[in-house]
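*Asks:* Just start04.cif, nothing more (mmCIF, C-alpha atoms and all ligand atoms):
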data_protein
#
loop_
_atom_site.label_atom_id
_atom_site.label_comp_id
_atom_site.auth_asym_id
_atom_site.auth_seq_id
_atom_site.Cartn_x
_atom_site.Cartn_y
_atom_site.Cartn_z
CA MET A 1 71.49 42.05 -69.31
CA SER A 2 71.30 41.01 -72.95
CA LYS A 3 70.15 43.76 -75.31
CA HIS A 4 67.93 43.21 -78.34
CA ILE A 5 69.19 44.47 -81.68
CA LEU A 6 66.40 44.40 -84.25
CA ILE A 7 67.39 44.71 -87.88
CA LEU A 8 64.72 45.52 -90.46
CA GLY A 9 65.80 44.28 -93.86
CA GLY A 10 68.08 41.47 -95.00
CA GLY A 11 69.60 43.31 -97.96
CA TYR A 12 73.16 44.62 -98.17
CA GLY A 13 72.84 47.06 -95.24
CA GLY A 14 70.82 44.79 -92.95
CA LEU A 15 72.82 41.62 -93.53
CA LEU A 16 76.18 43.33 -92.99
CA SER A 17 74.89 45.13 -89.86
CA ALA A 18 73.88 41.76 -88.41
CA LEU A 19 77.07 39.88 -89.33
CA THR A 20 79.32 42.70 -88.12
CA ALA A 21 77.46 43.27 -84.84
CA ARG A 22 77.73 39.57 -84.10
CA LYS A 23 81.48 39.68 -84.75
CA TYR A 24 81.86 42.08 -81.81
CA LEU A 25 78.97 41.14 -79.51
CA SER A 26 78.46 37.72 -77.94
CA ALA A 27 75.03 36.10 -77.77
CA GLU A 28 75.00 36.88 -74.02
CA GLU A 29 75.58 40.57 -74.73
CA ALA A 30 73.02 40.94 -77.51
CA THR A 31 70.24 39.01 -79.16
CA ILE A 32 70.12 39.89 -82.85
CA THR A 33 67.01 39.49 -85.00
CA VAL A 34 66.83 40.10 -88.74
CA VAL A 35 63.40 40.60 -90.29
CA ASN A 36 63.08 40.24 -94.04
CA ARG A 37 60.08 40.02 -96.36
CA VAL A 38 61.53 37.12 -98.34
CA PRO A 39 63.70 34.21 -97.14
CA PHE A 40 66.67 35.26 -99.23
CA HIS A 41 69.32 37.95 -99.56
CA GLN A 42 68.97 39.36 -103.07
CA ILE A 43 71.98 40.19 -105.19
CA VAL A 44 70.19 43.10 -106.81
CA THR A 45 73.24 44.09 -108.83
CA GLU A 46 72.62 40.99 -110.98
CA LEU A 47 68.83 41.17 -111.35
CA HIS A 48 69.05 42.33 -114.98
CA ARG A 49 70.66 39.00 -115.82
CA LEU A 50 67.97 37.01 -114.02
CA ALA A 51 65.34 39.01 -115.93
CA VAL A 52 66.51 37.38 -119.18
CA GLY A 53 67.52 33.99 -117.81
CA ASN A 54 71.26 34.72 -118.13
CA LEU A 55 71.77 33.21 -114.70
CA LYS A 56 69.80 31.02 -112.36
CA GLU A 57 67.63 32.30 -109.52
CA GLN A 58 69.88 30.52 -106.98
CA ALA A 59 72.75 32.84 -107.96
CA VAL A 60 70.84 35.98 -106.94
CA ALA A 61 68.52 34.67 -104.22
CA LEU A 62 70.82 33.47 -101.41
CA PRO A 63 68.98 31.77 -98.53
CA LEU A 64 69.37 34.01 -95.45
CA GLU A 65 69.06 30.94 -93.27
CA LYS A 66 72.23 29.57 -94.89
CA LEU A 67 74.12 32.89 -94.66
CA LEU A 68 73.25 33.28 -90.97
CA ARG A 69 73.73 29.63 -89.98
CA GLY A 70 75.85 29.17 -86.83
CA LYS A 71 75.93 32.92 -86.17
CA ASP A 72 73.35 33.05 -83.37
CA ILE A 73 71.23 35.50 -85.35
CA ASP A 74 67.47 35.00 -85.34
CA LEU A 75 65.71 35.27 -88.66
CA ARG A 76 62.06 36.20 -89.08
CA ILE A 77 60.49 36.11 -92.54
CA ASP A 78 57.76 38.69 -92.31
CA THR A 79 56.82 42.14 -93.57
CA VAL A 80 57.29 45.24 -91.46
CA GLU A 81 53.94 47.02 -91.03
CA ARG A 82 54.77 49.81 -88.61
CA ILE A 83 57.80 51.22 -86.85
CA GLY A 84 56.85 52.66 -83.44
CA LEU A 85 59.81 54.77 -82.42
CA ASP A 86 58.28 56.20 -79.24
CA GLU A 87 57.29 52.86 -77.76
CA LYS A 88 60.36 51.11 -79.30
CA LYS A 89 58.23 48.48 -80.98
CA VAL A 90 57.97 47.15 -84.52
CA LEU A 91 54.78 45.55 -85.75
CA LEU A 92 54.94 42.84 -88.39
CA LYS A 93 52.27 41.77 -90.86
CA SER A 94 51.76 38.45 -89.07
CA GLY A 95 50.69 40.40 -85.98
CA ILE A 96 53.92 39.79 -84.08
CA THR A 97 55.45 42.78 -82.31
CA TYR A 98 59.15 43.08 -81.49
CA ASP A 99 60.61 45.31 -78.78
CA TYR A 100 64.13 46.56 -79.30
CA ASP A 101 66.97 48.29 -77.54
CA MET A 102 68.64 49.21 -80.82
CA LEU A 103 67.02 49.29 -84.22
CA VAL A 104 68.60 49.13 -87.67
CA VAL A 105 66.37 50.32 -90.49
CA ALA A 106 67.63 48.90 -93.77
CA LEU A 107 64.46 48.57 -95.82
CA GLY A 108 65.86 49.78 -99.14
CA SER A 109 64.15 52.11 -101.57
CA GLU A 110 61.02 52.05 -103.71
CA THR A 111 60.41 52.73 -107.35
CA ALA A 112 59.48 56.35 -108.03
CA PHE A 113 56.61 56.66 -110.51
CA PHE A 114 56.48 60.48 -110.25
CA GLY A 115 52.67 60.41 -110.42
CA ILE A 116 52.78 59.54 -114.14
CA PRO A 117 49.28 58.31 -115.03
CA GLY A 118 48.94 54.55 -115.49
CA LEU A 119 52.64 53.88 -114.93
CA ALA A 120 52.51 52.00 -111.63
CA GLU A 121 49.60 49.86 -112.86
CA ASN A 122 50.94 49.05 -116.32
CA SER A 123 54.69 48.69 -116.03
CA PHE A 124 57.20 46.18 -114.75
CA THR A 125 59.92 47.17 -112.31
CA LEU A 126 63.29 45.58 -111.56
CA LYS A 127 63.74 45.80 -107.80
CA SER A 128 63.53 42.17 -106.71
CA VAL A 129 63.98 38.56 -107.72
CA GLU A 130 60.22 38.35 -108.07
CA ASP A 131 60.23 41.34 -110.46
CA ALA A 132 63.01 39.81 -112.55
CA ASN A 133 61.16 36.49 -112.82
CA LYS A 134 58.01 38.31 -113.91
CA ILE A 135 59.87 40.17 -116.66
CA ARG A 136 61.43 36.97 -117.97
CA ALA A 137 58.14 35.07 -118.08
CA HIS A 138 56.34 38.02 -119.67
CA VAL A 139 58.94 38.68 -122.40
CA GLU A 140 59.01 35.00 -123.33
CA ALA A 141 55.22 34.90 -123.46
CA ARG A 142 55.11 38.00 -125.69
CA ILE A 143 57.36 36.44 -128.31
CA VAL A 144 55.38 33.18 -128.22
CA GLU A 145 52.23 35.25 -128.69
CA TYR A 146 53.76 37.30 -131.51
CA ALA A 147 54.61 34.12 -133.39
CA LYS A 148 50.89 33.33 -133.41
CA THR A 149 49.20 36.72 -133.85
CA LYS A 150 51.85 39.01 -135.40
CA ASN A 151 50.52 41.75 -133.11
CA LYS A 152 53.34 44.33 -133.22
CA ALA A 153 52.72 45.38 -129.60
CA ASP A 154 53.90 41.90 -128.53
CA ALA A 155 57.22 42.36 -130.35
CA THR A 156 57.81 45.86 -128.96
CA PHE A 157 59.70 46.27 -125.70
CA VAL A 158 60.24 49.60 -123.98
CA VAL A 159 62.63 50.34 -121.12
CA GLY A 160 61.72 53.62 -119.43
CA GLY A 161 64.80 55.37 -118.05
CA GLY A 162 68.36 55.38 -119.31
CA GLY A 163 70.14 55.23 -115.94
CA LEU A 164 72.31 52.25 -115.00
CA THR A 165 69.36 49.99 -114.19
CA GLY A 166 67.70 50.62 -117.55
CA ILE A 167 70.91 50.35 -119.57
CA GLU A 168 72.04 47.11 -117.92
CA LEU A 169 68.60 45.62 -118.55
CA VAL A 170 68.30 46.73 -122.16
CA GLY A 171 71.76 45.26 -122.82
CA GLU A 172 70.59 41.88 -121.56
CA LEU A 173 67.35 42.07 -123.56
CA ALA A 174 69.31 42.92 -126.72
CA ASP A 175 71.43 39.81 -126.25
CA MET A 176 68.60 37.51 -125.28
CA LEU A 177 65.85 38.42 -127.76
CA PRO A 178 67.51 37.09 -130.96
CA GLY A 179 67.77 33.59 -129.46
CA LEU A 180 64.23 33.72 -128.11
CA CYS A 181 62.98 34.80 -131.54
CA ARG A 182 64.86 31.98 -133.28
CA LYS A 183 63.38 29.43 -130.88
CA ASN A 184 59.88 30.63 -131.70
CA GLY A 185 60.29 31.11 -135.44
CA VAL A 186 60.09 34.91 -135.19
CA ASP A 187 62.27 37.19 -137.33
CA PHE A 188 64.32 39.36 -134.90
CA ASN A 189 63.91 42.22 -137.40
CA ASP A 190 60.24 42.34 -136.35
CA VAL A 191 61.28 43.21 -132.78
CA SER A 192 61.57 46.81 -131.58
CA LEU A 193 63.55 47.47 -128.42
CA TYR A 194 63.52 51.02 -127.08
CA THR A 195 65.18 52.95 -124.29
CA VAL A 196 63.26 56.14 -123.54
CA GLU A 197 65.20 58.72 -121.53
CA ALA A 198 63.82 62.10 -120.45
CA GLY A 199 67.27 63.66 -120.05
CA PRO A 200 69.40 64.86 -122.97
CA SER A 201 71.40 61.60 -122.98
CA ILE A 202 71.52 58.20 -121.37
CA LEU A 203 73.78 57.68 -118.33
CA LEU A 204 73.80 61.35 -117.43
CA GLY A 205 76.80 62.26 -115.32
CA PHE A 206 78.97 59.49 -116.78
CA PRO A 207 82.13 60.18 -118.82
CA ALA A 208 81.27 61.04 -122.43
CA GLU A 209 83.35 58.10 -123.74
CA HIS A 210 81.23 55.68 -121.68
CA ILE A 211 77.95 57.18 -122.86
CA GLU A 212 79.19 56.91 -126.45
CA ARG A 213 80.33 53.31 -125.92
CA ALA A 214 77.04 52.27 -124.34
CA GLN A 215 75.01 53.90 -127.07
CA THR A 216 76.94 52.52 -130.07
CA SER A 217 77.38 49.08 -128.53
CA LEU A 218 73.67 48.75 -127.85
CA GLU A 219 72.54 50.35 -131.13
CA LYS A 220 74.59 47.73 -133.00
CA ARG A 221 72.47 45.11 -131.28
CA GLY A 222 69.20 46.79 -132.25
CA VAL A 223 68.39 49.12 -129.33
CA LYS A 224 66.69 52.35 -130.39
CA PHE A 225 67.34 55.34 -128.12
CA LEU A 226 64.76 58.07 -127.69
CA THR A 227 66.42 60.75 -125.58
CA GLY A 228 65.22 64.14 -124.40
CA VAL A 229 61.67 62.86 -124.28
CA ALA A 230 59.81 61.85 -121.13
CA ILE A 231 57.22 59.14 -120.73
CA THR A 232 54.02 60.95 -119.74
CA GLU A 233 51.47 58.15 -119.58
CA MET A 234 51.10 54.39 -119.86
CA THR A 235 48.03 52.32 -120.57
CA GLU A 236 47.87 48.55 -120.99
CA THR A 237 49.05 48.87 -124.58
CA THR A 238 50.39 52.38 -125.18
CA VAL A 239 53.33 54.45 -123.94
CA SER A 240 52.74 58.18 -124.44
CA LEU A 241 55.70 60.52 -124.80
CA LYS A 242 56.05 64.22 -124.06
CA ASP A 243 56.44 65.12 -127.76
CA GLY A 244 52.94 63.75 -128.42
CA SER A 245 54.08 60.50 -130.02
CA THR A 246 53.07 57.06 -128.78
CA ILE A 247 54.50 53.54 -128.83
CA GLU A 248 52.16 50.57 -128.97
CA THR A 249 53.58 47.94 -126.65
CA ASN A 250 52.58 45.29 -124.19
CA THR A 251 55.86 45.65 -122.29
CA LEU A 252 57.18 48.67 -120.45
CA VAL A 253 59.85 48.14 -117.83
CA TRP A 254 60.08 51.27 -115.71
CA THR A 255 63.55 52.09 -114.34
CA GLY A 256 63.02 55.85 -114.15
CA GLY A 257 64.08 56.40 -110.56
CA VAL A 258 64.05 55.40 -106.91
CA GLN A 259 62.78 57.11 -103.78
CA GLY A 260 62.93 56.55 -100.03
CA ASN A 261 60.91 53.79 -98.41
CA ALA A 262 57.43 55.07 -97.43
CA LEU A 263 57.48 53.13 -94.16
CA VAL A 264 60.63 54.98 -93.12
CA ALA A 265 59.40 58.34 -94.38
CA ASN A 266 56.20 58.04 -92.33
CA CYS A 267 57.49 56.60 -89.05
CA GLY A 268 58.39 59.90 -87.43
CA ILE A 269 62.13 59.69 -87.97
CA GLU A 270 63.83 62.82 -89.33
CA VAL A 271 63.96 62.59 -93.13
CA ASN A 272 65.17 64.54 -96.10
CA ARG A 273 63.00 63.91 -99.16
CA GLY A 274 61.81 60.59 -97.77
CA ARG A 275 65.20 59.21 -96.70
CA ALA A 276 66.36 59.22 -93.08
CA THR A 277 69.05 61.74 -92.19
CA VAL A 278 71.94 60.25 -90.24
CA THR A 279 74.97 61.39 -88.25
CA GLU A 280 78.53 60.56 -89.30
CA PHE A 281 78.05 57.40 -87.18
CA LEU A 282 74.93 56.47 -89.21
CA GLN A 283 72.59 57.02 -86.27
CA SER A 284 69.30 58.71 -87.05
CA THR A 285 69.63 62.45 -86.44
CA SER A 286 66.39 62.32 -84.43
CA HIS A 287 66.67 58.93 -82.65
CA SER A 288 70.02 57.82 -81.26
CA ASP A 289 68.84 54.22 -80.71
CA VAL A 290 68.09 53.89 -84.44
CA TYR A 291 70.69 53.33 -87.16
CA VAL A 292 69.82 53.55 -90.83
CA ALA A 293 71.62 51.70 -93.63
CA GLY A 294 71.50 51.63 -97.41
CA ASP A 295 68.87 53.35 -99.55
CA SER A 296 66.66 54.08 -96.51
CA ALA A 297 69.21 56.70 -95.44
CA VAL A 298 70.62 59.77 -97.08
CA VAL A 299 74.34 60.29 -96.44
CA MET A 300 75.98 63.49 -97.52
CA MET A 301 79.42 63.44 -99.08
CA PRO A 302 81.92 65.38 -96.97
CA GLU A 303 82.77 67.61 -99.94
CA GLY A 304 80.09 69.34 -101.97
CA GLY A 305 77.07 68.62 -99.77
CA ARG A 306 75.61 66.18 -102.29
CA PRO A 307 74.24 62.80 -101.16
CA TYR A 308 76.10 59.61 -101.98
CA PRO A 309 74.32 57.60 -104.71
CA PRO A 310 72.15 54.74 -103.44
CA THR A 311 74.37 51.81 -104.38
CA ALA A 312 75.00 48.29 -103.08
CA GLN A 313 78.67 48.96 -102.29
CA LEU A 314 77.68 51.90 -100.12
CA ALA A 315 74.92 49.95 -98.37
CA TRP A 316 77.15 47.08 -97.27
CA GLN A 317 79.85 49.40 -96.02
CA MET A 318 77.18 51.27 -94.04
CA GLY A 319 76.09 47.95 -92.55
CA GLU A 320 79.65 47.27 -91.38
CA THR A 321 80.00 50.69 -89.75
CA ILE A 322 76.62 50.26 -88.05
CA GLY A 323 77.49 46.79 -86.77
CA TYR A 324 80.64 48.16 -85.16
CA ASN A 325 78.97 51.32 -83.82
CA MET A 326 76.19 49.40 -82.09
CA PHE A 327 78.87 47.45 -80.23
CA ALA A 328 80.69 50.71 -79.40
CA GLN A 329 77.47 52.36 -78.20
CA LEU A 330 76.63 49.42 -75.95
CA LYS A 331 80.16 49.34 -74.51
CA GLY A 332 80.54 53.13 -74.25
CA ALA A 333 83.51 53.00 -76.65
CA PRO A 334 84.27 55.60 -79.37
CA MET A 335 82.25 55.09 -82.53
CA GLN A 336 83.61 55.04 -86.09
CA SER A 337 82.72 57.73 -88.59
CA PHE A 338 81.41 56.39 -91.88
CA ALA A 339 84.18 56.68 -94.46
CA PRO A 340 83.23 54.66 -97.53
CA VAL A 341 85.77 53.32 -100.00
CA PHE A 342 84.55 53.62 -103.57
CA SER A 343 85.63 50.74 -105.73
CA GLY A 344 84.01 52.52 -108.67
CA THR A 345 81.08 52.07 -111.01
CA LEU A 346 80.82 48.84 -112.94
CA ALA A 347 78.08 48.30 -115.47
CA SER A 348 77.40 45.59 -117.99
CA LEU A 349 76.18 46.24 -121.53
CA GLY A 350 74.87 42.76 -122.12
CA ARG A 351 76.83 39.54 -121.89
CA LYS A 352 80.10 40.59 -123.50
CA ASP A 353 80.47 44.33 -123.06
CA GLY A 354 80.68 46.74 -120.16
CA ILE A 355 81.91 50.08 -118.88
CA ALA A 356 83.70 50.78 -115.62
CA THR A 357 85.28 53.60 -113.67
CA ILE A 358 87.62 52.17 -111.07
CA GLY A 359 89.25 53.49 -107.94
CA ALA A 360 90.23 56.90 -106.65
CA ASN A 361 91.96 57.88 -109.90
CA GLN A 362 88.82 57.02 -111.89
CA THR A 363 90.52 54.60 -114.29
CA ARG A 364 88.16 53.94 -117.19
CA LEU A 365 87.64 50.51 -118.68
CA LYS A 366 85.51 49.29 -121.58
CA GLY A 367 84.59 45.90 -123.02
CA LEU A 368 85.82 42.62 -121.57
CA PRO A 369 88.03 44.12 -118.82
CA ALA A 370 85.01 46.04 -117.51
CA SER A 371 82.82 42.92 -117.67
CA LEU A 372 85.48 40.93 -115.79
CA MET A 373 85.78 43.62 -113.13
CA LYS A 374 82.04 43.45 -112.57
CA GLU A 375 82.23 39.67 -112.23
CA ALA A 376 85.18 39.98 -109.81
CA SER A 377 83.34 42.51 -107.70
CA ASN A 378 80.41 40.11 -107.32
CA VAL A 379 82.75 37.27 -106.31
CA ARG A 380 84.45 39.54 -103.77
CA TYR A 381 81.12 40.45 -102.20
CA LEU A 382 79.94 36.82 -102.12
CA SER A 383 83.14 35.70 -100.44
CA HIS A 384 82.76 38.52 -97.92
CA ILE A 385 79.32 37.27 -96.84
CA ASN A 386 80.21 33.57 -97.14
CA GLY A 387 77.89 33.29 -100.10
CA LEU A 388 80.31 31.71 -102.56
CA PHE A 389 77.96 28.71 -102.74
CA ALA A 390 75.86 30.90 -105.08
CA LEU A 391 78.59 30.57 -107.72
CA ALA A 392 77.84 26.87 -108.03
CA TYR A 393 75.00 27.99 -110.25
P1 LIG B 1 68.43 56.69 -112.01
O1 LIG B 1 67.65 57.67 -111.24
O2 LIG B 1 69.90 56.72 -111.95
O3 LIG B 1 68.02 56.74 -113.56
C1 LIG B 1 66.68 56.94 -113.96
C2 LIG B 1 66.66 57.58 -115.34
O4 LIG B 1 65.29 57.68 -115.73
C3 LIG B 1 67.22 58.99 -115.34
O5 LIG B 1 68.19 59.10 -116.37
C4 LIG B 1 66.01 59.87 -115.61
O6 LIG B 1 66.31 61.01 -116.39
C5 LIG B 1 65.10 58.91 -116.37
N1 LIG B 1 63.69 59.31 -116.27
C6 LIG B 1 63.04 59.82 -115.19
N2 LIG B 1 61.75 60.09 -115.50
C7 LIG B 1 61.58 59.75 -116.79
C8 LIG B 1 60.47 59.77 -117.67
N3 LIG B 1 59.28 60.23 -117.31
N4 LIG B 1 60.64 59.30 -118.93
C9 LIG B 1 61.84 58.81 -119.33
N5 LIG B 1 62.92 58.79 -118.54
C10 LIG B 1 62.81 59.23 -117.28
O7 LIG B 1 67.85 55.25 -111.54
P2 LIG B 1 68.55 53.82 -111.63
O8 LIG B 1 69.13 53.59 -112.97
O9 LIG B 1 67.55 52.83 -111.15
O10 LIG B 1 69.73 53.92 -110.59
C11 LIG B 1 69.45 54.13 -109.20
C12 LIG B 1 70.76 54.17 -108.43
O11 LIG B 1 71.34 52.87 -108.42
C13 LIG B 1 71.79 55.09 -109.05
O12 LIG B 1 72.52 55.72 -108.04
C14 LIG B 1 72.67 54.16 -109.82
O13 LIG B 1 73.99 54.65 -109.97
C15 LIG B 1 72.62 52.90 -108.98
N6 LIG B 1 72.82 51.71 -109.83
C16 LIG B 1 74.11 51.29 -110.00
C17 LIG B 1 74.35 50.20 -110.83
C18 LIG B 1 75.79 49.76 -111.04
O14 LIG B 1 76.67 50.31 -110.36
N7 LIG B 1 76.05 48.84 -111.96
C19 LIG B 1 73.31 49.54 -111.49
C20 LIG B 1 71.99 50.00 -111.29
C21 LIG B 1 71.77 51.09 -110.45
#
What does this structure look like when you write it as C-alpha cells?
Ligand code: NAD
*Replies:*
Amino acid sequence: MSKHILILGGGYGGLLSALTARKYLSAEEATITVVNRVPFHQIVTELHRLAVGNLKEQAVALPLEKLLRGKDIDLRIDTVERIGLDEKKVLLKSGITYDYDMLVVALGSETAFFGIPGLAENSFTLKSVEDANKIRAHVEARIVEYAKTKNKADATFVVGGGGLTGIELVGELADMLPGLCRKNGVDFNDVSLYTVEAGPSILLGFPAEHIERAQTSLEKRGVKFLTGVAITEMTETTVSLKDGSTIETNTLVWTGGVQGNALVANCGIEVNRGRATVTEFLQSTSHSDVYVAGDSAVVMMPEGGRPYPPTAQLAWQMGETIGYNMFAQLKGAPMQSFAPVFSGTLASLGRKDGIATIGANQTRLKGLPASLMKEASNVRYLSHINGLFALAY
C-alpha cells in the first residue's frame, strides 16, 4: 500500500528531501506532499543582494511548482499550525489536516530577539524574500524622505549584529547607498551606516585576516563599526546601546541571531535549546517516523560535541540523506549516516569583494576569487535542483 510522506517546508532541507525520496520511491510506493508557506523556494544565501536591488526577485524566489514539475510530488501552499505527533496529523492554517506515515520537519529557524525591549516591533529582519523586499523599499523611502526633510534619522542606517548575515548586508548597503543618494540629490557624506556588534569583533570565530579584510574593506566604503557594545533597546527612532549611548535612526536591521522554530520546539518532539535532536540517520531521537532537516534540527559534529552551524549547504545535504533514509526505512534496507561535506564558508563584502575558506584544508581566499567562488557555489546548487532558469535574471 502506498505510504504518505509529508514534508513540512520547501526550503533547502525540505526540497532536497522531496526530490531525493522521489528518486528512490515510485509514486505507487509513496505519495509525497510538500507544504510551504510561500509558493517559492527561497535562495536565502542571496537575500542580502535582493535587499538592495542587486538582483531581481526571480533569482531568489524560485517557483516550487516549476522545481517539482513532472516529479509526482504534491505541493500545498499553506502554513503549518500544529504538528500532532501522537495522532500522526498535521493541521494547516486553511483548516486542512494531513495524515502521514513519515514526516519531514524542515521549517527552518526564527530570528532571536533575546527579549530586547522594542526590538521585534521596531526592526527589520532578513530571513525571507518578503523581508528583503521590505528593507529595499524602506531604505529607498528613507533617502527620498531625507532629501526633503534633512532629518538625520532618515539618513542613518544601523545593522545589528556583525555575523555573516549582518556583514553581507552592510556590504551591499555600502555599495548601493551612494547611487541611491546621487539619484535623489543627497550628499552621501550625510549618510551614516553602522554595524553594531556585541562581541569584541565582527565575524567572531573567523580567521583574523578575514576579519581584518572585512573591516578595512567596509570602512573604506563608509561603514562605521561599533564593537563590544550590545544593542539593549529599540524604539521607533532610537537604538540604545549598552554603554549608555544612543543612535537616532529610522532603520535598524536586526541580524543578531537565530533560534529554533517555535512550532518544532513546542510539538512534543525531543529538543535541545529549541532544535530537534536527531540520530545519525537524521531521525528524531524521540519519534522514529519523523525526520528533521536544516535549522529545525541540531546535529552534533562527530568530534568536539559542538553542533554544526545552521547553514544552507548543511540543510540540503541533510535533505538528501533523509530522502534516501526514508526509502531505506520503508524497504527495510540499511540507512545512511549523515556525513556532510563542507565546501567551506563563502561570504560577500558587497558587489566586488568577498572572503572565503574553502575545502578540508581551509584554503583562504579574498577579493574577486572569493566573490567568484560564491557565485559558482550558487550556480552549482541551482543546477543541482534544476533551478538554473533563475540565472536568466
Ligand atoms: P550569528 O549568530 O552568526 O551572528 C549574530 C551576531 O550578532 C553575533 O556576532 C552576536 O555577537 C551579535 N549580537 C547578538 N546580540 C547582539 C546585541 N544585542 N547587540 C549587538 N550584536 C549582537 O547570526 P547570522 O549572522 O544570522 O548567522 C546565522 C548562521 O547562518 C551562522 O551559522 C552563519 O555562519 C550562517 N550564515 C552563513 C552565511 C554564509 O555562509 N555566507 C551567510 C549568513 C549566515
*Asks:* Smallest atom-to-atom distance to ligand LIG 1 (chain B): which of A:Ile247, A:Ile355, A:Ala392, A:Val379, using all atoms listed in the file?
*Replies:*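 Going through A:Ile247, A:Ile355, A:Ala392, A:Val379 one by one, the smallest distance to ligand LIG 1 (chain B) is for A:Ile355.
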*Asks:* Pick out the closest residue to Arg221 in chain A from this set: A:Asp353, A:Ile385, A:Thr235, A:Gly274. Count all atoms listed in the file.
*Replies:*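 Checking each candidate against Arg221 in chain A, we get A:Asp353 as the closest.
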*Asks:* Just checking: using only C-alpha atoms, which residue out of A:Val105, A:Val34, A:Leu391, A:Leu282 ends up closest to Leu68 in chain A?
*Replies:*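 Of A:Val105, A:Val34, A:Leu391, A:Leu282, the one nearest Leu68 in chain A is A:Val34, counting only C-alpha atoms.
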*Asks:* Could you list, as a list in words, every residue within 9 Å of His41 in chain A, counting only C-alpha atoms and ignoring same-chain residues fewer than 4 positions away?
*Replies:*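 The residues that qualify are Gly10, Gly11, Tyr12, Leu15, Asn36, Val60, Ala61, Leu62, Pro63, Leu64 and Leu67 of chain A.
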*Asks:* Can you work out the spacing between CA of Ala376 in chain A and CA of Thr311 in chain A in Å, to one decimal?
*Replies:* 16.9 Å
*Asks:* Just give me the residues with any atom within 10 Å of (58.8, 38.6, -128.6), file coordinates, counting all atoms listed in the file, written as an mmCIF file with C-alpha atoms, in the frame of the given file.
*Replies:*
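Resulting contents of point.cif:
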data_model
loop_
_atom_site.group_PDB
_atom_site.id
_atom_site.type_symbol
_atom_site.label_atom_id
_atom_site.label_comp_id
_atom_site.auth_asym_id
_atom_site.auth_seq_id
_atom_site.Cartn_x
_atom_site.Cartn_y
_atom_site.Cartn_z
ATOM 1 C CA HIS A 138 56.340 38.020 -119.670
ATOM 2 C CA VAL A 139 58.940 38.680 -122.400
ATOM 3 C CA GLU A 140 59.010 35.000 -123.330
ATOM 4 C CA ALA A 141 55.220 34.900 -123.460
ATOM 5 C CA ARG A 142 55.110 38.000 -125.690
ATOM 6 C CA ILE A 143 57.360 36.440 -128.310
ATOM 7 C CA VAL A 144 55.380 33.180 -128.220
ATOM 8 C CA GLU A 145 52.230 35.250 -128.690
ATOM 9 C CA TYR A 146 53.760 37.300 -131.510
ATOM 10 C CA ALA A 147 54.610 34.120 -133.390
ATOM 11 C CA LYS A 150 51.850 39.010 -135.400
ATOM 12 C CA ASN A 151 50.520 41.750 -133.110
ATOM 13 C CA LYS A 152 53.340 44.330 -133.220
ATOM 14 C CA ALA A 153 52.720 45.380 -129.600
ATOM 15 C CA ASP A 154 53.900 41.900 -128.530
ATOM 16 C CA ALA A 155 57.220 42.360 -130.350
ATOM 17 C CA THR A 156 57.810 45.860 -128.960
ATOM 18 C CA PHE A 157 59.700 46.270 -125.700
ATOM 19 C CA LEU A 177 65.850 38.420 -127.760
ATOM 20 C CA PRO A 178 67.510 37.090 -130.960
ATOM 21 C CA LEU A 180 64.230 33.720 -128.110
ATOM 22 C CA CYS A 181 62.980 34.800 -131.540
ATOM 23 C CA ASN A 184 59.880 30.630 -131.700
ATOM 24 C CA VAL A 186 60.090 34.910 -135.190
ATOM 25 C CA ASP A 187 62.270 37.190 -137.330
ATOM 26 C CA PHE A 188 64.320 39.360 -134.900
ATOM 27 C CA ASP A 190 60.240 42.340 -136.350
ATOM 28 C CA VAL A 191 61.280 43.210 -132.780
ATOM 29 C CA SER A 192 61.570 46.810 -131.580
ATOM 30 C CA THR A 251 55.860 45.650 -122.290
#
*Asks:* With all atoms listed in the file as the atoms that count, which of A:Asn122, A:Ser288, A:Thr345, A:Thr279 lies nearest to Met300 in chain A?
*Replies:*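 Counting all atoms listed in the file, the residue closest to Met300 in chain A is A:Thr279.
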*Asks:* Quick one: pull the distance between CA of Ile83 in chain A and CA of Val290 in chain A, Å, one decimal.
*Replies:*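 Atom-to-atom, CA of Ile83 in chain A to CA of Val290 in chain A, that is 10.9 Å.
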*Asks:* What is the distance between CA of Lys71 in chain A and CA of Ala333 in chain A, in Å to one decimal?
*Replies:*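 We find that CA of Lys71 in chain A and CA of Ala333 in chain A lie 23.5 Å from each other.
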*Asks:* Any idea what's packed within 7 Å of Leu75 in chain A, counting all atoms listed in the file, ignoring anything in its chain fewer than 2 positions away? Could you give it as a PyMOL selection string?
*Replies:* chain A and resi 33-35+73+77
